[in-house]
$ cat upload_37.tsv   # TSV, C-alpha atoms
chain	number	residue	atom	x	y	z
A	1	MET	CA	131.70	87.85	102.68
A	2	LYS	CA	128.59	89.59	103.88
A	3	ASN	CA	125.46	87.69	103.03
A	4	ARG	CA	122.97	90.25	104.22
A	5	LYS	CA	122.27	93.76	103.15
A	6	ILE	CA	119.81	96.54	103.71
A	7	MET	CA	117.96	98.48	101.03
A	8	PHE	CA	115.84	101.50	101.76
A	9	SER	CA	112.20	101.57	100.81
A	10	ASN	CA	110.49	104.46	99.05
A	11	GLY	CA	107.03	103.67	100.34
A	12	PHE	CA	104.02	102.01	98.77
A	13	ALA	CA	102.07	104.72	97.04
A	14	SER	CA	100.86	103.19	93.78
A	15	ASP	CA	103.37	103.86	91.00
A	16	VAL	CA	106.13	103.91	93.57
A	17	ALA	CA	104.89	100.57	94.88
A	18	ASN	CA	105.18	98.99	91.44
A	19	CYS	CA	108.74	100.30	91.11
A	20	GLU	CA	109.56	98.98	94.57
A	21	MET	CA	108.32	95.51	93.71
A	22	GLN	CA	110.25	95.62	90.41
A	23	LYS	CA	113.36	96.69	92.31
A	24	LEU	CA	113.05	93.61	94.54
A	25	SER	CA	112.57	91.41	91.47
A	26	ASP	CA	115.74	92.81	89.91
A	27	LYS	CA	117.66	92.10	93.11
A	28	ALA	CA	116.41	88.50	93.23
A	29	LYS	CA	117.65	88.04	89.68
A	30	ILE	CA	121.20	88.86	90.77
A	31	GLY	CA	120.98	86.66	93.86
A	32	TRP	CA	119.73	88.96	96.59
A	33	ARG	CA	116.44	87.67	97.90
A	34	LEU	CA	114.09	89.62	100.16
A	35	LYS	CA	114.26	88.12	103.63
A	36	LYS	CA	112.24	90.59	105.62
A	37	VAL	CA	110.64	94.01	105.47
A	38	SER	CA	111.50	96.10	108.51
A	39	ASN	CA	109.07	97.60	110.96
A	40	SER	CA	107.17	100.55	109.47
A	41	ALA	CA	108.42	99.29	106.08
A	42	LEU	CA	111.37	101.69	106.12
A	43	PHE	CA	113.86	99.26	104.62
A	44	TYR	CA	114.26	95.73	103.25
A	45	ILE	CA	116.64	93.09	104.48
A	46	LEU	CA	118.05	91.08	101.59
A	47	GLU	CA	119.89	87.80	101.82
A	48	LYS	CA	122.43	86.27	99.44
A	49	SER	CA	120.99	83.27	97.61
A	50	GLU	CA	120.78	81.59	94.23
A	51	PRO	CA	119.64	83.99	91.47
A	52	ALA	CA	115.90	83.49	90.86
A	53	ASP	CA	113.14	84.89	88.70
A	54	LEU	CA	110.65	86.09	91.27
A	55	ILE	CA	107.86	88.60	91.39
A	56	TYR	CA	106.94	90.48	94.54
A	57	SER	CA	103.65	91.90	95.68
A	58	PHE	CA	101.98	93.30	98.77
A	59	ASP	CA	98.56	93.43	100.27
A	60	TYR	CA	97.09	95.87	102.74
A	61	VAL	CA	94.53	94.49	105.16
A	62	LYS	CA	93.97	94.58	108.89
A	63	LEU	CA	93.70	91.00	110.12
A	64	LYS	CA	92.30	89.56	113.30
A	65	LYS	CA	94.34	86.86	115.02
A	66	GLU	CA	91.98	84.05	114.05
A	67	GLU	CA	92.00	85.17	110.40
A	68	ILE	CA	95.76	85.02	109.86
A	69	SER	CA	96.17	81.29	109.20
A	70	ASP	CA	93.21	81.26	106.81
A	71	TYR	CA	94.53	84.32	105.02
A	72	LEU	CA	98.07	82.98	104.57
A	73	ASP	CA	96.75	79.60	103.50
A	74	LEU	CA	94.80	81.29	100.71
A	75	PHE	CA	97.94	82.99	99.39
A	76	GLU	CA	100.05	79.87	99.76
A	77	LYS	CA	97.57	77.85	97.69
A	78	SER	CA	97.48	80.57	95.03
A	79	GLY	CA	101.24	80.19	94.65
A	80	TRP	CA	102.36	83.19	96.71
A	81	SER	CA	104.90	82.59	99.49
A	82	TYR	CA	104.57	84.77	102.52
A	83	ILE	CA	107.58	86.89	103.54
A	84	ASN	CA	106.43	88.97	106.48
A	85	SER	CA	104.14	91.78	107.56
A	86	SER	CA	104.70	95.30	108.71
A	87	ASN	CA	101.95	97.68	109.84
A	88	ASN	CA	99.14	95.76	108.10
A	89	PHE	CA	101.17	95.53	104.89
A	90	HIS	CA	101.81	91.90	103.98
A	91	PHE	CA	104.57	90.93	101.56
A	92	PHE	CA	104.63	87.96	99.23
A	93	CYS	CA	106.77	86.53	96.45
A	94	ALA	CA	106.07	84.02	93.69
A	95	PRO	CA	107.68	82.57	90.56
A	96	ILE	CA	107.14	84.59	87.38
A	97	GLY	CA	103.83	83.67	85.74
A	98	THR	CA	101.82	83.29	88.94
A	99	PRO	CA	98.48	85.12	88.59
A	100	PRO	CA	98.61	88.52	90.36
A	101	ILE	CA	97.32	88.80	93.93
A	102	VAL	CA	95.12	91.70	92.91
A	103	SER	CA	92.89	90.86	89.96
A	104	GLU	CA	90.78	93.99	90.02
A	105	GLN	CA	91.73	97.65	90.25
A	106	SER	CA	88.86	98.33	92.65
A	107	THR	CA	90.73	96.33	95.31
A	108	ARG	CA	93.63	98.78	95.34
A	109	CYS	CA	91.18	101.68	95.24
A	110	TYR	CA	89.49	100.35	98.37
A	111	GLN	CA	92.80	99.72	100.13
A	112	TYR	CA	94.18	103.17	99.40
A	113	ARG	CA	90.94	104.78	100.49
A	114	LYS	CA	91.25	102.95	103.80
A	115	LEU	CA	94.85	104.09	104.18
A	116	SER	CA	93.81	107.64	103.42
A	117	LYS	CA	91.17	107.50	106.17
A	118	ILE	CA	93.65	106.12	108.72
A	119	MET	CA	96.14	108.87	107.90
A	120	LEU	CA	93.43	111.50	108.18
A	121	ILE	CA	92.47	110.25	111.65
A	122	ALA	CA	96.15	110.20	112.65
A	123	GLY	CA	96.49	113.77	111.36
A	124	ILE	CA	93.53	114.92	113.44
A	125	GLN	CA	94.90	113.22	116.57
A	126	TYR	CA	98.25	114.93	116.12
A	127	THR	CA	96.49	118.25	115.60
A	128	PHE	CA	94.97	117.95	119.07
A	129	LEU	CA	98.30	116.90	120.59
A	130	SER	CA	100.01	119.84	118.89
A	131	ILE	CA	97.46	122.27	120.28
A	132	ILE	CA	97.81	120.86	123.81
A	133	PHE	CA	101.59	121.09	123.74
A	134	PHE	CA	101.49	124.53	122.18
A	135	ILE	CA	99.35	125.76	125.08
A	136	LEU	CA	101.62	124.01	127.60
A	137	THR	CA	104.68	125.64	126.07
A	138	LYS	CA	103.03	129.03	126.33
A	139	ALA	CA	101.90	128.34	129.91
A	140	PHE	CA	105.33	127.24	131.11
A	141	LYS	CA	106.77	130.49	129.87
A	142	TYR	CA	105.57	132.13	133.04
A	143	TYR	CA	105.90	129.55	135.73
A	144	ALA	CA	108.03	126.56	135.02
A	145	PHE	CA	111.62	125.57	134.51
A	146	ASN	CA	113.29	126.07	131.23
A	147	ILE	CA	113.89	122.34	130.78
A	148	LEU	CA	110.21	121.57	131.01
A	149	ARG	CA	109.45	124.25	128.51
A	150	GLY	CA	112.11	122.91	126.18
A	151	ILE	CA	110.59	119.45	126.34
A	152	THR	CA	107.06	120.63	125.63
A	153	ALA	CA	108.31	122.82	122.80
A	154	ALA	CA	110.18	119.88	121.28
A	155	LEU	CA	107.12	117.63	121.57
A	156	PHE	CA	105.03	120.35	120.00
A	157	GLY	CA	107.41	120.40	117.07
A	158	ILE	CA	107.34	116.63	116.68
A	159	PHE	CA	103.56	116.44	116.83
A	160	LEU	CA	103.25	119.29	114.36
A	161	ALA	CA	105.48	117.43	111.92
A	162	MET	CA	103.49	114.21	112.44
A	163	MET	CA	100.28	116.12	111.84
A	164	LEU	CA	101.54	117.48	108.53
A	165	LEU	CA	102.84	114.05	107.55
A	166	GLY	CA	99.46	112.53	108.37
A	167	PHE	CA	97.49	115.06	106.34
A	168	ILE	CA	99.86	114.97	103.39
A	169	SER	CA	99.86	111.17	103.17
A	170	SER	CA	96.10	111.16	103.53
A	171	ILE	CA	95.80	113.42	100.49
A	172	VAL	CA	98.35	111.39	98.53
A	173	TYR	CA	96.56	108.10	99.27
A	174	TYR	CA	93.19	109.64	98.46
A	175	ARG	CA	94.41	110.82	95.08
A	176	ILE	CA	95.80	107.38	94.31
A	177	SER	CA	92.50	105.77	95.24
A	178	ARG	CA	90.77	108.14	92.83
A	179	LYS	CA	93.17	107.14	90.10
A	180	HIS	CA	92.44	103.43	90.62
A	181	ASN	CA	88.75	104.13	90.56
A	182	LYS	CA	88.77	105.30	86.96
A	183	LYS	CA	86.59	103.10	84.82
A	184	ILE	CA	86.09	103.28	81.09
B	1	MET	CA	83.01	108.22	100.85
B	2	SER	CA	80.47	105.51	101.55
B	3	LYS	CA	78.76	106.19	98.25
B	4	ASN	CA	81.50	104.48	96.30
B	5	ASN	CA	81.94	101.82	98.95
B	6	SER	CA	78.47	100.47	99.00
B	7	PHE	CA	77.33	97.47	97.03
B	8	GLU	CA	73.79	98.76	96.96
B	9	THR	CA	74.28	102.05	95.20
B	10	GLU	CA	76.82	100.58	92.80
B	11	GLN	CA	76.53	97.44	90.73
B	12	LEU	CA	78.75	94.59	91.78
B	13	THR	CA	82.22	94.43	90.29
B	14	ASP	CA	82.89	91.33	88.22
B	15	SER	CA	84.87	89.68	91.01
B	16	ALA	CA	82.20	90.46	93.61
B	17	TYR	CA	79.59	89.03	91.24
B	18	TYR	CA	81.44	85.72	90.90
B	19	ILE	CA	82.20	85.49	94.62
B	20	LEU	CA	78.53	85.93	95.50
B	21	LEU	CA	77.62	83.25	92.96
B	22	ALA	CA	80.14	80.91	94.55
B	23	LEU	CA	78.78	81.59	98.03
B	24	LEU	CA	75.22	80.57	97.24
B	25	LYS	CA	76.69	77.37	98.64
B	26	GLU	CA	78.77	77.41	101.84
B	27	GLN	CA	82.49	77.48	100.96
B	28	HIS	CA	85.88	78.55	102.29
B	29	GLY	CA	88.25	81.03	100.68
B	30	TYR	CA	90.30	78.80	98.40
B	31	ALA	CA	87.22	76.83	97.30
B	32	ILE	CA	85.70	80.11	96.08
B	33	MET	CA	88.73	80.74	93.85
B	34	LYS	CA	88.59	77.20	92.46
B	35	PHE	CA	84.83	77.42	91.94
B	36	VAL	CA	85.12	80.63	89.91
B	37	GLU	CA	88.04	79.29	87.89
B	38	GLU	CA	86.12	76.14	86.98
B	39	LEU	CA	82.85	77.96	86.33
B	40	THR	CA	84.49	80.32	83.86
B	41	SER	CA	86.86	77.66	82.44
B	42	GLY	CA	89.85	79.60	83.68
B	43	GLN	CA	88.83	82.89	82.07
B	44	ILE	CA	88.42	84.59	85.42
B	45	ILE	CA	91.00	84.05	88.13
B	46	ILE	CA	90.39	86.01	91.30
B	47	GLY	CA	93.60	87.05	93.05
B	48	PRO	CA	93.85	86.20	96.76
B	49	ALA	CA	94.13	89.85	97.81
B	50	THR	CA	91.08	90.81	95.78
B	51	LEU	CA	89.17	87.84	97.19
B	52	TYR	CA	90.05	88.63	100.78
B	53	THR	CA	89.33	92.34	100.46
B	54	LEU	CA	85.94	91.61	98.90
B	55	ILE	CA	85.05	88.96	101.49
B	56	LYS	CA	85.78	91.44	104.29
B	57	LYS	CA	83.83	94.17	102.53
B	58	MET	CA	80.84	91.94	101.84
B	59	CYS	CA	80.80	90.64	105.43
B	60	HIS	CA	80.79	94.26	106.54
B	61	GLU	CA	77.84	95.01	104.27
B	62	SER	CA	76.19	91.78	105.51
B	63	LEU	CA	75.86	90.32	102.04
B	64	ILE	CA	77.67	87.23	103.27
B	65	GLN	CA	78.33	85.78	106.70
B	66	LYS	CA	81.01	83.73	108.40
B	67	ILE	CA	80.33	80.22	109.54
B	68	ASP	CA	82.70	79.06	112.25
B	69	ARG	CA	82.91	75.32	112.63
B	70	ASP	CA	84.83	73.85	115.51
B	71	SER	CA	85.61	70.68	113.60
B	72	ASP	CA	88.00	72.28	111.08
B	73	ARG	CA	89.88	75.52	111.45
B	74	LYS	CA	88.87	76.86	108.06
B	75	ILE	CA	86.45	79.78	108.00
B	76	ASN	CA	83.48	79.15	105.71
B	77	TYR	CA	81.22	81.77	104.21
B	78	ILE	CA	77.70	81.79	102.81
B	79	VAL	CA	75.38	84.44	101.35
B	80	THR	CA	72.81	86.10	103.60
B	81	ASP	CA	69.23	86.67	102.47
B	82	LYS	CA	70.23	90.18	101.47
B	83	GLY	CA	73.15	88.84	99.42
B	84	ALA	CA	71.02	86.18	97.75
B	85	LYS	CA	68.46	88.78	96.73
B	86	LEU	CA	71.16	91.06	95.35
B	87	ILE	CA	72.84	88.37	93.27
B	88	LYS	CA	69.52	87.26	91.79
B	89	LYS	CA	68.76	90.83	90.79
B	90	GLU	CA	72.27	91.25	89.42
B	91	VAL	CA	72.09	88.12	87.23
B	92	GLN	CA	68.82	89.44	85.82
B	93	ARG	CA	70.30	92.89	85.25
B	94	ARG	CA	73.34	91.55	83.47
B	95	MET	CA	71.20	89.25	81.33
B	96	THR	CA	69.01	92.18	80.28
B	97	MET	CA	72.08	94.22	79.42
B	98	ALA	CA	73.52	91.39	77.31
B	99	GLN	CA	70.18	91.05	75.49
B	100	HIS	CA	70.24	94.76	74.71
B	101	GLY	CA	73.67	94.31	73.21
B	102	ILE	CA	72.57	91.35	71.14
B	103	ARG	CA	69.54	93.32	69.90
B	104	VAL	CA	71.78	96.10	68.63
B	105	PHE	CA	74.06	93.68	66.82
B	106	GLU	CA	71.12	91.84	65.27
B	107	LYS	CA	69.71	95.11	63.97
B	108	LEU	CA	73.08	96.09	62.51
B	109	ASN	CA	73.59	92.70	60.87
B	110	GLY	CA	70.06	92.78	59.45
B	111	ARG	CA	70.71	96.15	57.87
B	112	ASN	CA	74.01	94.97	56.39
B	113	GLU	CA	72.30	92.00	54.75
B	114	ASN	CA	69.58	94.23	53.30
B	115	GLU	CA	72.21	96.50	51.78
B	116	LYS	CA	73.82	93.56	50.01
$ encode --input "upload_37.tsv" --output "structure tokens"
Amino acid sequence: MKNRKIMFSNGFASDVANCEMQKLSDKAKIGWRLKKVSNSALFYILEKSEPADLIYSFDYVKLKKEEISDYLDLFEKSGWSYINSSNNFHFFCAPIGTPPIVSEQSTRCYQYRKLSKIMLIAGIQYTFLSIIFFILTKAFKYYAFNILRGITAALFGIFLAMMLLGFISSIVYYRISRKHNKKI
Amino acid sequence: MSKNNSFETEQLTDSAYYILLALLKEQHGYAIMKFVEELTSGQIIIGPATLYTLIKKMCHESLIQKIDRDSDRKINYIVTDKGAKLIKKEVQRRMTMAQHGIRVFEKLNGRNENEK
């Protein structure tokens, strides 16, 4: 019998993130515990185990090497067991009833604003790359081999898609951060 | 963007307020959580992610500073002069606000008793 399986992730944008964490909780209840979150957080690796009532949560913070042990220690002592990290997202689980890792909405607001900024910068970088490869593609039209032109055209396409992805996620994250910022 | 980020233009959030209070004395991360929990008799529990995010943010705004000791691996923090000034002002501000609230309630209660 297989004791490992893969589940795809839908990302960590606010409401979706809560659903994702709930999804993992539901899986733990029927005996599939989160073992690892893949690189880029595209999917989860679950492992067969005893059914357990667990809650899952994540944090987003860029850590320096010397901060990691202090950081994990803090979570461990607050009752949250560390699972693993992927692209500055850190995943934790705890028994039901453990106080949440985020006790104030402003924390998420700050985190999403940071994410939005990173995506915006990525978008701008890909814009430049797209422009360069667009010009190269045009230039090779007259003097170079077809293969070279094909490659530059393909790269142009990829960078253009990355650029759009960057800008769209930046807007999405920004809107989420605004939503968390609402005070009465 | 920085407008909403800054501790100076905006009042401290409740968690930031308690963390600054805790750091009037040098402490490490978990000790801050315990300090706040004890101070408020368990009414306020700061989550580890909130604590860490705020510590990073306040270091960045130089309200607090890191103290690296070779003897133990734990990173300790303490308020800077700027942070100490801010928390003093903030305690005063919150006290004034609470007094305003009390004044309103006293007035209302006084009126109710007169009507009886």
$ residues_around --input "upload_37.tsv" --residues "Leu24 (chain B)" --least-positions-apart "5" --cutoff "12 Å" --atoms "only C-alpha atoms" --output "list of chain:residue names"
B:Tyr17, B:Tyr18, B:Ile19, B:Ile32, B:Phe35, B:Leu63, B:Ile64, B:Gln65, B:Asn76, B:Tyr77, B:Ile78, B:Val79, B:Thr80, B:Asp81, B:Lys82, B:Gly83, B:Ala84, B:Lys85, B:Leu86, B:Ile87, B:Lys88
$ interface_residues --input "upload_37.tsv" --of "chain A" --to "chain B" --cutoff "10 Å" --atoms "all atoms listed in the file" --output "ChimeraX atom specification"
/A:57-63,66-67,69-80,98-111,113,117,181
$ write_last_selection --input "upload_37.tsv" --atoms "C-alpha atoms" --output "PDB file, keeping the file's coordinate frame"
ATOM      1  CA  SER A  57     103.650  91.900  95.680  1.00  0.00           C
ATOM      2  CA  PHE A  58     101.980  93.300  98.770  1.00  0.00           C
ATOM      3  CA  ASP A  59      98.560  93.430 100.270  1.00  0.00           C
ATOM      4  CA  TYR A  60      97.090  95.870 102.740  1.00  0.00           C
ATOM      5  CA  VAL A  61      94.530  94.490 105.160  1.00  0.00           C
ATOM      6  CA  LYS A  62      93.970  94.580 108.890  1.00  0.00           C
ATOM      7  CA  LEU A  63      93.700  91.000 110.120  1.00  0.00           C
ATOM      8  CA  GLU A  66      91.980  84.050 114.050  1.00  0.00           C
ATOM      9  CA  GLU A  67      92.000  85.170 110.400  1.00  0.00           C
ATOM     10  CA  SER A  69      96.170  81.290 109.200  1.00  0.00           C
ATOM     11  CA  ASP A  70      93.210  81.260 106.810  1.00  0.00           C
ATOM     12  CA  TYR A  71      94.530  84.320 105.020  1.00  0.00           C
ATOM     13  CA  LEU A  72      98.070  82.980 104.570  1.00  0.00           C
ATOM     14  CA  ASP A  73      96.750  79.600 103.500  1.00  0.00           C
ATOM     15  CA  LEU A  74      94.800  81.290 100.710  1.00  0.00           C
ATOM     16  CA  PHE A  75      97.940  82.990  99.390  1.00  0.00           C
ATOM     17  CA  GLU A  76     100.050  79.870  99.760  1.00  0.00           C
ATOM     18  CA  LYS A  77      97.570  77.850  97.690  1.00  0.00           C
ATOM     19  CA  SER A  78      97.480  80.570  95.030  1.00  0.00           C
ATOM     20  CA  GLY A  79     101.240  80.190  94.650  1.00  0.00           C
ATOM     21  CA  TRP A  80     102.360  83.190  96.710  1.00  0.00           C
ATOM     22  CA  THR A  98     101.820  83.290  88.940  1.00  0.00           C
ATOM     23  CA  PRO A  99      98.480  85.120  88.590  1.00  0.00           C
ATOM     24  CA  PRO A 100      98.610  88.520  90.360  1.00  0.00           C
ATOM     25  CA  ILE A 101      97.320  88.800  93.930  1.00  0.00           C
ATOM     26  CA  VAL A 102      95.120  91.700  92.910  1.00  0.00           C
ATOM     27  CA  SER A 103      92.890  90.860  89.960  1.00  0.00           C
ATOM     28  CA  GLU A 104      90.780  93.990  90.020  1.00  0.00           C
ATOM     29  CA  GLN A 105      91.730  97.650  90.250  1.00  0.00           C
ATOM     30  CA  SER A 106      88.860  98.330  92.650  1.00  0.00           C
ATOM     31  CA  THR A 107      90.730  96.330  95.310  1.00  0.00           C
ATOM     32  CA  ARG A 108      93.630  98.780  95.340  1.00  0.00           C
ATOM     33  CA  CYS A 109      91.180 101.680  95.240  1.00  0.00           C
ATOM     34  CA  TYR A 110      89.490 100.350  98.370  1.00  0.00           C
ATOM     35  CA  GLN A 111      92.800  99.720 100.130  1.00  0.00           C
ATOM     36  CA  ARG A 113      90.940 104.780 100.490  1.00  0.00           C
ATOM     37  CA  LYS A 117      91.170 107.500 106.170  1.00  0.00           C
ATOM     38  CA  ASN A 181      88.750 104.130  90.560  1.00  0.00           C
TER      39      ASN A 181
END
$ atom_distance --input "upload_37.tsv" --atom1 "CA of Phe159 (chain A)" --atom2 "CA of Ser86 (chain A)"
22.7 Å
$ axis_aligned_box --input "upload_37.tsv" --around "region 91-108 of chain B" --padding-each-side "3 Å" --output "AutoDock Vina command-line options"
--center_x 71.4 --center_y 92.1 --center_z 74.9 --size_x 11.2 --size_y 14.0 --size_z 30.7
$ atom_distance --input "upload_37.tsv" --atom1 "CA of Val37 (chain A)" --atom2 "CA of Ile55 (chain A)"
15.3 Å
$ atom_distance --input "upload_37.tsv" --atom1 "CA of Trp32 (chain A)" --atom2 "CA of Glu20 (chain A)"
14.4 Å
$ closest_residue --input "upload_37.tsv" --among "A:Met119, A:Ala94, A:Leu129, A:Ile151" --to "Tyr82 (chain A)" --atoms "all atoms listed in the file"
A:Ala94
$ closest_residue --input "upload_37.tsv" --among "B:Leu12, B:Ile67, B:Leu39, B:Met58" --to "Glu26 (chain B)" --atoms "only C-alpha atoms"
B:Ile67
$ build_atoms --input "upload_37.tsv" --residues "region 87-96 of chain A" --atoms "all heavy atoms" --output "tab-separated table (two decimals), keeping the file's coordinate frame"
chain	number	residue	atom	x	y	z
A	87	ASN	N	103.05	96.71	109.76
A	87	ASN	CA	101.95	97.68	109.84
A	87	ASN	C	100.78	97.38	108.90
A	87	ASN	O	100.39	98.23	108.11
A	87	ASN	CB	102.44	99.10	109.51
A	87	ASN	CG	103.49	99.56	110.48
A	87	ASN	OD1	104.12	98.76	111.14
A	87	ASN	ND2	103.66	100.85	110.57
A	88	ASN	N	100.28	96.17	108.94
A	88	ASN	CA	99.14	95.76	108.10
A	88	ASN	C	99.46	95.63	106.62
A	88	ASN	O	98.59	95.35	105.82
A	88	ASN	CB	97.94	96.69	108.26
A	88	ASN	CG	97.35	96.60	109.66
A	88	ASN	OD1	97.41	95.57	110.29
A	88	ASN	ND2	96.81	97.71	110.12
A	89	PHE	N	100.73	95.86	106.25
A	89	PHE	CA	101.17	95.53	104.89
A	89	PHE	C	101.72	94.11	104.95
A	89	PHE	O	102.50	93.78	105.84
A	89	PHE	CB	102.28	96.47	104.41
A	89	PHE	CG	101.78	97.79	103.92
A	89	PHE	CD1	101.76	98.90	104.75
A	89	PHE	CD2	101.33	97.93	102.62
A	89	PHE	CE1	101.29	100.12	104.29
A	89	PHE	CE2	100.87	99.15	102.15
A	89	PHE	CZ	100.85	100.25	102.99
A	90	HIS	N	101.33	93.27	104.00
A	90	HIS	CA	101.81	91.90	103.98
A	90	HIS	C	102.54	91.68	102.66
A	90	HIS	O	102.04	92.06	101.61
A	90	HIS	CB	100.65	90.92	104.11
A	90	HIS	CG	99.70	91.31	105.21
A	90	HIS	ND1	99.98	91.09	106.53
A	90	HIS	CD2	98.52	91.95	105.18
A	90	HIS	CE1	98.99	91.57	107.27
A	90	HIS	NE2	98.09	92.11	106.47
A	91	PHE	N	103.74	91.08	102.75
A	91	PHE	CA	104.57	90.93	101.56
A	91	PHE	C	104.67	89.48	101.12
A	91	PHE	O	104.77	88.58	101.95
A	91	PHE	CB	105.96	91.50	101.83
A	91	PHE	CG	105.92	92.98	102.09
A	91	PHE	CD1	105.69	93.47	103.37
A	91	PHE	CD2	106.02	93.88	101.04
A	91	PHE	CE1	105.60	94.82	103.61
A	91	PHE	CE2	105.93	95.24	101.28
A	91	PHE	CZ	105.71	95.72	102.56
A	92	PHE	N	104.63	89.30	99.80
A	92	PHE	CA	104.63	87.96	99.23
A	92	PHE	C	105.56	87.90	98.03
A	92	PHE	O	105.81	88.93	97.40
A	92	PHE	CB	103.23	87.57	98.76
A	92	PHE	CG	102.21	87.56	99.86
A	92	PHE	CD1	101.48	88.71	100.17
A	92	PHE	CD2	101.99	86.41	100.60
A	92	PHE	CE1	100.55	88.70	101.19
A	92	PHE	CE2	101.05	86.40	101.62
A	92	PHE	CZ	100.34	87.54	101.92
A	93	CYS	N	106.04	86.69	97.71
A	93	CYS	CA	106.77	86.53	96.45
A	93	CYS	C	106.31	85.24	95.78
A	93	CYS	O	105.77	84.34	96.43
A	93	CYS	CB	108.28	86.56	96.66
A	93	CYS	SG	108.97	85.03	97.23
A	94	ALA	N	106.52	85.19	94.46
A	94	ALA	CA	106.07	84.02	93.69
A	94	ALA	C	106.92	83.91	92.44
A	94	ALA	O	107.53	84.89	92.01
A	94	ALA	CB	104.60	84.18	93.31
A	95	PRO	N	106.97	82.71	91.84
A	95	PRO	CA	107.68	82.57	90.56
A	95	PRO	C	106.97	83.39	89.49
A	95	PRO	O	105.76	83.61	89.58
A	95	PRO	CB	107.57	81.08	90.24
A	95	PRO	CG	107.01	80.42	91.45
A	95	PRO	CD	106.38	81.45	92.30
A	96	ILE	N	107.73	83.83	88.49
A	96	ILE	CA	107.14	84.59	87.38
A	96	ILE	C	106.04	83.75	86.73
A	96	ILE	O	106.20	82.54	86.57
A	96	ILE	CB	108.22	84.99	86.36
A	96	ILE	CG1	109.04	86.14	86.96
A	96	ILE	CG2	107.62	85.41	85.02
A	96	ILE	CD1	110.13	86.66	86.08
